[in-house]
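Below: protein.cif (mmCIF, C-alpha atoms)
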```
data_my_file
#
loop_
_atom_site.group_PDB
_atom_site.id
_atom_site.type_symbol
_atom_site.label_atom_id
_atom_site.label_comp_id
_atom_site.auth_asym_id
_atom_site.auth_seq_id
_atom_site.Cartn_x
_atom_site.Cartn_y
_atom_site.Cartn_z
ATOM 1 C CA MET A 1 107.483 125.710 116.214
ATOM 2 C CA GLY A 2 104.348 124.962 118.152
ATOM 3 C CA ILE A 3 103.494 122.071 120.395
ATOM 4 C CA TYR A 4 101.714 120.412 117.479
ATOM 5 C CA ASP A 5 104.896 120.310 115.398
ATOM 6 C CA ILE A 6 106.981 119.036 118.294
ATOM 7 C CA ALA A 7 104.466 116.255 118.959
ATOM 8 C CA PHE A 8 104.421 115.390 115.253
ATOM 9 C CA TRP A 9 108.190 115.012 115.034
ATOM 10 C CA ILE A 10 108.466 113.042 118.286
ATOM 11 C CA LEU A 11 105.742 110.646 117.167
ATOM 12 C CA THR A 12 107.282 110.347 113.700
ATOM 13 C CA VAL A 13 110.700 109.446 115.068
ATOM 14 C CA MET A 14 109.088 106.978 117.460
ATOM 15 C CA ALA A 15 107.023 105.335 114.712
ATOM 16 C CA LEU A 16 109.919 105.006 112.273
ATOM 17 C CA GLY A 17 112.405 103.835 114.890
ATOM 18 C CA CYS A 18 110.063 101.228 116.268
ATOM 19 C CA ALA A 19 109.135 100.064 112.764
ATOM 20 C CA LEU A 20 112.830 99.544 112.042
ATOM 21 C CA GLY A 21 113.097 97.683 115.330
ATOM 22 C CA VAL A 22 110.332 95.341 114.197
ATOM 23 C CA ILE A 23 112.199 94.182 111.135
ATOM 24 C CA LEU A 24 115.718 94.262 112.596
ATOM 25 C CA SER A 25 115.380 92.580 115.984
ATOM 26 C CA ARG A 26 116.242 88.907 116.148
ATOM 27 C CA ASN A 27 113.839 87.947 118.892
ATOM 28 C CA PRO A 28 110.193 87.688 117.721
ATOM 29 C CA ILE A 29 108.913 88.862 121.116
ATOM 30 C CA THR A 30 110.961 92.054 120.802
ATOM 31 C CA SER A 31 109.497 92.532 117.344
ATOM 32 C CA VAL A 32 105.977 92.288 118.740
ATOM 33 C CA LEU A 33 106.748 94.826 121.458
ATOM 34 C CA PHE A 34 108.265 97.219 118.906
ATOM 35 C CA LEU A 35 105.173 96.826 116.737
ATOM 36 C CA ILE A 36 102.944 97.683 119.707
ATOM 37 C CA ALA A 37 105.041 100.838 120.257
ATOM 38 C CA THR A 38 104.625 101.690 116.571
ATOM 39 C CA PHE A 39 100.864 101.340 116.887
ATOM 40 C CA PHE A 40 100.874 103.668 119.888
ATOM 41 C CA ALA A 41 102.822 106.234 117.882
ATOM 42 C CA ILE A 42 100.328 105.933 115.028
ATOM 43 C CA SER A 43 97.503 106.385 117.521
ATOM 44 C CA GLY A 44 99.203 109.582 118.647
ATOM 45 C CA HIS A 45 99.209 110.730 115.045
ATOM 46 C CA TYR A 46 95.484 109.992 114.840
ATOM 47 C CA LEU A 47 94.951 112.210 117.883
ATOM 48 C CA LEU A 48 96.896 114.999 116.195
ATOM 49 C CA LEU A 49 94.673 114.570 113.144
ATOM 50 C CA ASN A 50 91.432 114.906 115.173
ATOM 51 C CA ALA A 51 90.531 111.240 114.741
ATOM 52 C CA GLN A 52 89.890 110.487 118.397
ATOM 53 C CA PHE A 53 87.636 107.498 117.818
ATOM 54 C CA LEU A 54 90.131 105.813 115.496
ATOM 55 C CA ALA A 55 92.969 106.463 117.954
ATOM 56 C CA ILE A 56 91.095 104.597 120.672
ATOM 57 C CA VAL A 57 89.983 101.834 118.311
ATOM 58 C CA ASN A 58 93.544 101.464 117.032
ATOM 59 C CA ILE A 59 94.835 100.922 120.558
ATOM 60 C CA ILE A 60 92.008 98.556 121.508
ATOM 61 C CA VAL A 61 91.944 96.482 118.327
ATOM 62 C CA TYR A 62 95.593 96.480 117.245
ATOM 63 C CA ALA A 63 97.648 96.913 120.392
ATOM 64 C CA GLY A 64 95.055 95.149 122.518
ATOM 65 C CA ALA A 65 93.626 92.281 120.528
ATOM 66 C CA ILE A 66 95.757 91.560 117.481
ATOM 67 C CA MET A 67 99.167 91.905 119.082
ATOM 68 C CA VAL A 68 98.109 89.824 122.070
ATOM 69 C CA LEU A 69 97.109 87.137 119.569
ATOM 70 C CA PHE A 70 100.571 87.381 117.976
ATOM 71 C CA LEU A 71 102.256 87.199 121.367
ATOM 72 C CA PHE A 72 100.128 84.194 122.248
ATOM 73 C CA VAL A 73 101.105 82.311 119.098
ATOM 74 C CA ILE A 74 104.808 83.147 119.504
ATOM 75 C CA MET A 75 104.844 81.980 123.091
ATOM 76 C CA LEU A 76 102.901 78.857 122.101
ATOM 77 C CA MET A 77 105.603 77.976 119.588
ATOM 78 C CA ASN A 78 108.490 78.675 121.965
ATOM 79 C CA LEU A 79 110.670 80.260 119.290
ATOM 80 C CA ASN A 80 114.238 81.060 120.187
ATOM 81 C CA ALA A 81 116.261 83.837 118.689
ATOM 82 C CA ASP A 82 119.335 81.741 117.940
ATOM 83 C CA VAL A 83 117.591 78.907 116.108
ATOM 84 C CA GLU A 84 115.879 81.303 113.746
ATOM 85 C CA PRO A 85 117.435 80.950 110.302
ATOM 86 C CA GLN A 86 118.549 84.082 108.533
ATOM 87 C CA LYS A 87 118.345 84.809 104.877
ATOM 88 C CA GLY A 88 121.602 85.150 102.981
ATOM 89 C CA ARG A 89 123.335 88.507 102.967
ATOM 90 C CA LEU A 90 122.719 88.924 99.248
ATOM 91 C CA VAL A 91 118.987 88.322 99.573
ATOM 92 C CA GLN A 92 118.779 90.729 102.503
ATOM 93 C CA LEU A 93 120.681 93.362 100.580
ATOM 94 C CA ALA A 94 118.401 92.852 97.582
ATOM 95 C CA GLY A 95 115.351 93.242 99.821
ATOM 96 C CA VAL A 96 116.605 96.448 101.388
ATOM 97 C CA VAL A 97 117.621 97.883 98.022
ATOM 98 C CA SER A 98 114.312 97.082 96.371
ATOM 99 C CA GLY A 99 112.332 98.520 99.293
ATOM 100 C CA GLY A 100 114.485 101.637 99.256
ATOM 101 C CA VAL A 101 114.123 102.034 95.505
ATOM 102 C CA LEU A 102 110.342 101.745 95.792
ATOM 103 C CA LEU A 103 110.398 104.415 98.508
ATOM 104 C CA LEU A 104 112.554 106.670 96.337
ATOM 105 C CA VAL A 105 110.300 106.269 93.321
ATOM 106 C CA LEU A 106 107.140 106.961 95.298
ATOM 107 C CA LEU A 107 108.635 109.969 97.074
ATOM 108 C CA ALA A 108 109.999 111.402 93.840
ATOM 109 C CA ALA A 109 106.639 110.935 92.152
ATOM 110 C CA LEU A 110 104.667 112.573 94.944
ATOM 111 C CA ARG A 111 106.912 115.309 96.269
ATOM 112 C CA THR A 112 105.819 117.905 93.731
ATOM 113 C CA ALA A 113 102.104 117.186 94.161
ATOM 114 C CA HIS A 114 99.942 119.969 95.530
ATOM 115 C CA TYR A 115 97.495 119.421 98.328
ATOM 116 C CA PRO A 116 95.147 121.684 100.209
ATOM 117 C CA SER A 117 96.750 122.502 103.531
ATOM 118 C CA LEU A 118 95.631 120.785 106.705
ATOM 119 C CA GLU A 119 92.850 122.645 108.447
ATOM 120 C CA ALA A 120 94.339 124.376 111.445
ATOM 121 C CA THR A 121 91.024 124.616 113.252
ATOM 122 C CA PRO A 122 89.950 121.426 115.026
ATOM 123 C CA ASN A 123 86.927 119.770 113.481
ATOM 124 C CA SER A 124 84.551 117.216 114.913
ATOM 125 C CA ILE A 125 84.416 114.631 112.118
ATOM 126 C CA GLY A 126 86.531 112.180 114.102
ATOM 127 C CA LEU A 127 84.175 112.096 117.045
ATOM 128 C CA ILE A 128 82.140 108.977 117.625
ATOM 129 C CA GLU A 129 78.795 110.733 117.111
ATOM 130 C CA ASN A 130 79.615 111.947 113.625
ATOM 131 C CA LEU A 131 81.355 108.730 112.575
ATOM 132 C CA GLY A 132 78.451 106.657 113.854
ATOM 133 C CA LYS A 133 76.012 108.691 111.818
ATOM 134 C CA VAL A 134 78.057 108.223 108.649
ATOM 135 C CA LEU A 135 78.660 104.551 109.343
ATOM 136 C CA PHE A 136 75.026 103.673 109.946
ATOM 137 C CA THR A 137 73.532 105.748 107.144
ATOM 138 C CA GLN A 138 75.931 105.894 104.238
ATOM 139 C CA TYR A 139 77.935 102.737 104.929
ATOM 140 C CA VAL A 140 75.376 100.471 106.546
ATOM 141 C CA LEU A 141 75.558 97.765 103.855
ATOM 142 C CA PRO A 142 79.369 97.364 104.057
ATOM 143 C CA PHE A 143 78.998 97.284 107.828
ATOM 144 C CA GLU A 144 76.583 94.361 107.649
ATOM 145 C CA ILE A 145 78.742 92.588 105.074
ATOM 146 C CA SER A 146 81.765 92.963 107.335
ATOM 147 C CA SER A 147 79.866 91.187 110.094
ATOM 148 C CA VAL A 148 79.376 88.245 107.714
ATOM 149 C CA LEU A 149 83.101 88.439 106.911
ATOM 150 C CA PHE A 150 83.889 88.251 110.617
ATOM 151 C CA LEU A 151 81.649 85.234 111.067
ATOM 152 C CA SER A 152 83.248 83.409 108.147
ATOM 153 C CA ALA A 153 86.744 84.293 109.389
ATOM 154 C CA MET A 154 85.854 82.932 112.819
ATOM 155 C CA ILE A 155 84.527 79.677 111.391
ATOM 156 C CA GLY A 156 87.487 79.455 109.021
ATOM 157 C CA ALA A 157 89.993 79.897 111.841
ATOM 158 C CA ILE A 158 88.289 77.159 113.851
ATOM 159 C CA VAL A 159 88.170 74.787 110.874
ATOM 160 C CA ILE A 160 91.817 75.421 109.962
ATOM 161 C CA GLY A 161 93.033 75.138 113.520
ATOM 162 C CA LYS A 162 91.142 71.954 114.296
ATOM 163 C CA LYS A 163 93.174 68.810 114.813
ATOM 164 C CA GLU A 164 92.642 66.281 112.061
ATOM 165 C CA ASP A 165 91.577 63.056 113.683
ATOM 166 C CA THR A 166 91.725 61.005 110.488
ATOM 167 C CA GLN A 167 95.494 61.264 110.473
ATOM 168 C CA ALA A 168 97.926 59.998 113.140
ATOM 169 C CA MET B 169 107.457 125.029 108.699
ATOM 170 C CA PRO B 170 103.920 123.917 109.537
ATOM 171 C CA ILE B 171 102.965 120.284 109.170
ATOM 172 C CA GLN B 172 101.655 119.672 105.667
ATOM 173 C CA PRO B 173 99.883 116.643 104.148
ATOM 174 C CA LEU B 174 103.164 115.895 102.407
ATOM 175 C CA HIS B 175 104.782 115.168 105.784
ATOM 176 C CA TYR B 176 102.153 112.558 106.529
ATOM 177 C CA MET B 177 102.562 111.156 103.042
ATOM 178 C CA PHE B 178 106.320 110.788 103.510
ATOM 179 C CA LEU B 179 105.833 109.229 106.924
ATOM 180 C CA SER B 180 103.312 106.651 105.773
ATOM 181 C CA LEU B 181 105.272 105.833 102.613
ATOM 182 C CA THR B 182 108.366 105.230 104.727
ATOM 183 C CA LEU B 183 106.428 103.005 107.093
ATOM 184 C CA PHE B 184 104.987 101.107 104.119
ATOM 185 C CA CYS B 185 108.427 100.570 102.587
ATOM 186 C CA ILE B 186 109.827 99.438 105.942
ATOM 187 C CA GLY B 187 107.034 96.855 105.945
ATOM 188 C CA ILE B 188 107.961 95.745 102.424
ATOM 189 C CA MET B 189 111.619 95.429 103.415
ATOM 190 C CA GLY B 190 110.609 93.344 106.415
ATOM 191 C CA VAL B 191 108.604 90.995 104.209
ATOM 192 C CA LEU B 192 111.570 90.641 101.871
ATOM 193 C CA ILE B 193 114.398 90.151 104.369
ATOM 194 C CA ARG B 194 112.826 87.965 107.054
ATOM 195 C CA ARG B 195 112.119 84.240 106.961
ATOM 196 C CA ASN B 196 109.970 83.953 110.059
ATOM 197 C CA ALA B 197 106.337 83.689 108.935
ATOM 198 C CA ILE B 198 105.072 85.552 112.012
ATOM 199 C CA ILE B 199 107.394 88.510 111.413
ATOM 200 C CA ILE B 200 106.297 88.641 107.777
ATOM 201 C CA PHE B 201 102.711 88.726 108.968
ATOM 202 C CA MET B 202 103.524 91.552 111.384
ATOM 203 C CA CYS B 203 105.110 93.517 108.568
ATOM 204 C CA ILE B 204 101.872 93.181 106.605
ATOM 205 C CA GLU B 205 100.054 94.674 109.596
ATOM 206 C CA LEU B 206 102.571 97.511 109.571
ATOM 207 C CA MET B 207 101.819 98.190 105.907
ATOM 208 C CA LEU B 208 98.077 98.227 106.605
ATOM 209 C CA ASN B 209 98.653 100.739 109.378
ATOM 210 C CA ALA B 210 100.727 102.970 107.118
ATOM 211 C CA VAL B 211 97.801 103.078 104.693
ATOM 212 C CA ASN B 212 95.424 103.839 107.552
ATOM 213 C CA LEU B 213 97.552 106.769 108.658
ATOM 214 C CA LEU B 214 97.549 108.282 105.175
ATOM 215 C CA MET B 215 93.804 107.768 104.918
ATOM 216 C CA VAL B 216 93.234 109.655 108.182
ATOM 217 C CA ALA B 217 95.515 112.472 107.010
ATOM 218 C CA PHE B 218 93.467 112.774 103.814
ATOM 219 C CA SER B 219 90.278 112.680 105.856
ATOM 220 C CA LYS B 220 91.462 115.714 107.773
ATOM 221 C CA MET B 221 92.672 117.389 104.611
ATOM 222 C CA TYR B 222 89.327 117.145 102.835
ATOM 223 C CA VAL B 223 87.215 117.307 106.039
ATOM 224 C CA ASP B 224 85.431 114.109 105.064
ATOM 225 C CA ALA B 225 84.309 111.362 107.434
ATOM 226 C CA GLY B 226 84.156 108.690 104.721
ATOM 227 C CA ALA B 227 87.898 108.055 104.859
ATOM 228 C CA GLN B 228 87.744 107.397 108.595
ATOM 229 C CA VAL B 229 84.945 104.893 108.028
ATOM 230 C CA PHE B 230 87.182 103.203 105.465
ATOM 231 C CA VAL B 231 89.969 103.014 108.042
ATOM 232 C CA PHE B 232 87.466 101.362 110.352
ATOM 233 C CA PHE B 233 86.694 98.755 107.685
ATOM 234 C CA ILE B 234 90.405 98.164 107.056
ATOM 235 C CA MET B 235 90.788 97.434 110.761
ATOM 236 C CA VAL B 236 87.888 94.971 110.563
ATOM 237 C CA VAL B 237 89.452 93.166 107.611
ATOM 238 C CA ALA B 238 92.848 93.137 109.339
ATOM 239 C CA ALA B 239 91.361 91.535 112.447
ATOM 240 C CA ALA B 240 89.683 88.817 110.372
ATOM 241 C CA GLU B 241 92.870 88.293 108.385
ATOM 242 C CA VAL B 242 94.960 87.926 111.542
ATOM 243 C CA ALA B 243 92.608 85.293 112.952
ATOM 244 C CA VAL B 244 92.775 83.152 109.808
ATOM 245 C CA GLY B 245 96.471 83.783 109.143
ATOM 246 C CA LEU B 246 97.591 82.857 112.633
ATOM 247 C CA ALA B 247 95.505 79.691 112.404
ATOM 248 C CA VAL B 248 97.336 78.850 109.174
ATOM 249 C CA ILE B 249 100.722 79.545 110.813
ATOM 250 C CA VAL B 250 99.853 77.390 113.814
ATOM 251 C CA MET B 251 98.856 74.548 111.484
ATOM 252 C CA MET B 252 102.086 74.984 109.528
ATOM 253 C CA TYR B 253 104.052 74.806 112.776
ATOM 254 C CA ARG B 254 102.196 71.663 113.717
ATOM 255 C CA LYS B 255 103.062 69.994 110.399
ATOM 256 C CA VAL B 256 106.696 70.975 109.867
ATOM 257 C CA HIS B 257 107.701 72.167 113.384
ATOM 258 C CA SER B 258 109.016 75.449 112.081
ATOM 259 C CA VAL B 259 107.744 78.843 110.983
ATOM 260 C CA ASP B 260 110.475 79.236 108.384
ATOM 261 C CA VAL B 261 108.871 80.111 105.063
ATOM 262 C CA ASN B 262 111.790 78.668 103.087
ATOM 263 C CA ILE B 263 110.740 75.171 104.120
ATOM 264 C CA LEU B 264 107.521 75.555 102.164
ATOM 265 C CA ASN B 265 109.057 74.885 98.772
ATOM 266 C CA ARG B 266 107.349 71.655 97.823
ATOM 267 C CA LEU B 267 105.898 73.224 94.684
ATOM 268 C CA LYS B 268 109.438 73.956 93.499
ATOM 269 C CA HIS B 269 110.457 70.296 93.310
#
```

The structure in this file should be written as structure tokens.
Amino acid sequence: MGIYDIAFWILTVMALGCALGVILSRNPITSVLFLIATFFAISGHYLLLNAQFLAIVNIIVYAGAIMVLFLFVIMLMNLNADVEPQKGRLVQLAGVVSGGVLLLVLLAALRTAHYPSLEATPNSIGLIENLGKVLFTQYVLPFEISSVLFLSAMIGAIVIGKKEDTQA
Amino acid sequence: MPIQPLHYMFLSLTLFCIGIMGVLIRRNAIIIFMCIELMLNAVNLLMVAFSKMYVDAGAQVFVFFIMVVAAAEVAVGLAVIVMMYRKVHSVDVNILNRLKH
């Protein structure tokens, strides 16, 4: 069992445990912190898979920007753990059972599939030079379209979040 | 046993199903939104594993685009949640049942 395997299992346990913490903890702030830990574990997996650029981007964009936005909104709303209503036990049980059944079905369907094995030798496709070349030659049109998407999302967020002065 | 693509597949499927369970069992709109982010990340992880498996950079570019879409989605979605909080003073999704009556 090499260092790669040990790192894989540690990161896997961390990701799954923190993901369970996200959905089980009562306090929304704790959920956000668990989700940040999950994203760090997933970034570790990206490093193991030779996707260095995506590991850094995952930390910067998800753990840095998106989760700070979540934390901001939660603290703005001043949510308390004890006032948060819970779903009924039956509905919760139904949710867990249906999620577990979906997991079982997917695992059973895919466990006999055959894949080429992971390349043991490190490759350089995850480096920023190679990804940049692919992004700006093969995928340059989607890149430009995504900038338009960003602009429209920005304007949309401002329009939605604006106070309506016709009312009140 | 060396790490196979199947391990990554099991891991990301489990993460995805944890996200689905979170969406189903929670009533807080922000937590539901966070579970959707978790599901997106599970898909990203599988995509990166496949990228390594086939030694193809296209999958990593797709992960990059998924991150872009997720960032845009979070901006709009949190604006919607803030507006909902301003109207009904709660982030409980069970309050939003006006179409039922």

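Evaluating the PyMOL selection byres ((chain A and resi 4) around 12) against the shown model yields A:Met1, A:Gly2, A:Ile3, A:Asp5, A:Ile6, A:Ala7, A:Phe8, A:Trp9, A:Ile10, A:Leu11, A:Gly44, A:His45, A:Leu47, A:Leu48, A:Leu49, A:Asn50, A:Ala120, B:Met169, B:Pro170, B:Ile171, B:Gln172.
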
List every residue of chain B that has an atom at most 6 Å from any atom of chain A, giving for each one its closest atom pair and the distance in Å to one decimal, counting all atoms listed in the file, sorted by chain and then by ascending residue number, as CSV.
```
residue,atom,partner,partner_atom,distance
B:Cys185,CA,A:Gly99,CA,5.5
B:Met189,CA,A:Gly99,CA,5.2
B:Gly190,CA,A:Ile23,CA,5.1
B:Leu192,CA,A:Gly95,CA,5.0
B:Ile193,CA,A:Gln92,CA,4.8
B:Met221,CA,A:Leu118,CA,5.0
B:Ala225,CA,A:Ile125,CA,5.7
B:Ala240,CA,A:Ala153,CA,5.5
B:Val244,CA,A:Ala157,CA,4.7
B:Ala247,CA,A:Gly161,CA,5.3
```

Top pick for closest residue to Glu164 of chain A, considering B:Arg254, B:Ala238, B:Ala210, B:Ser219 and counting all atoms listed in the file |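 Comparing B:Arg254, B:Ala238, B:Ala210, B:Ser219 against Glu164 of chain A, the winner is B:Arg254.
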
Output check: residues returned by the PyMOL selection byres ((chain B and resi 259) around 6), as a ChimeraX atom specification | /B:196-197,253,258,260

What separation in Å, quoted to one decimal, exists between atom CA of Ile56 of chain A and atom CA of Phe40 of chain A?
->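 Interatomic distance, atom CA of Ile56 of chain A to atom CA of Phe40 of chain A: 9.9 Å.
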
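Separating atom CA of Ala239 of chain B from atom CA of Met252 of chain B is a distance of 19.9 Å.
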
May I have the protein, DNA and RNA residues with an atom at most 10 Å from (88.9, 101.7, 108.4), counting only C-alpha atoms in the file's coordinates, returned as a compact mmCIF listing (two decimals) with C-alpha atoms, keeping the file's coordinate frame?
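Done, and the output landed in part34.txt:
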```txt
# COMPACT_ATOMS: atom_id res chain seq x y z
CA LEU A 54 90.13 105.81 115.50
CA VAL A 57 89.98 101.83 118.31
CA ASN A 58 93.54 101.46 117.03
CA LEU B 208 98.08 98.23 106.60
CA ASN B 209 98.65 100.74 109.38
CA VAL B 211 97.80 103.08 104.69
CA ASN B 212 95.42 103.84 107.55
CA MET B 215 93.80 107.77 104.92
CA VAL B 216 93.23 109.66 108.18
CA GLY B 226 84.16 108.69 104.72
CA ALA B 227 87.90 108.06 104.86
CA GLN B 228 87.74 107.40 108.60
CA VAL B 229 84.94 104.89 108.03
CA PHE B 230 87.18 103.20 105.46
CA VAL B 231 89.97 103.01 108.04
CA PHE B 232 87.47 101.36 110.35
CA PHE B 233 86.69 98.76 107.68
CA ILE B 234 90.40 98.16 107.06
CA MET B 235 90.79 97.43 110.76
CA VAL B 236 87.89 94.97 110.56
CA VAL B 237 89.45 93.17 107.61
CA ALA B 238 92.85 93.14 109.34
```
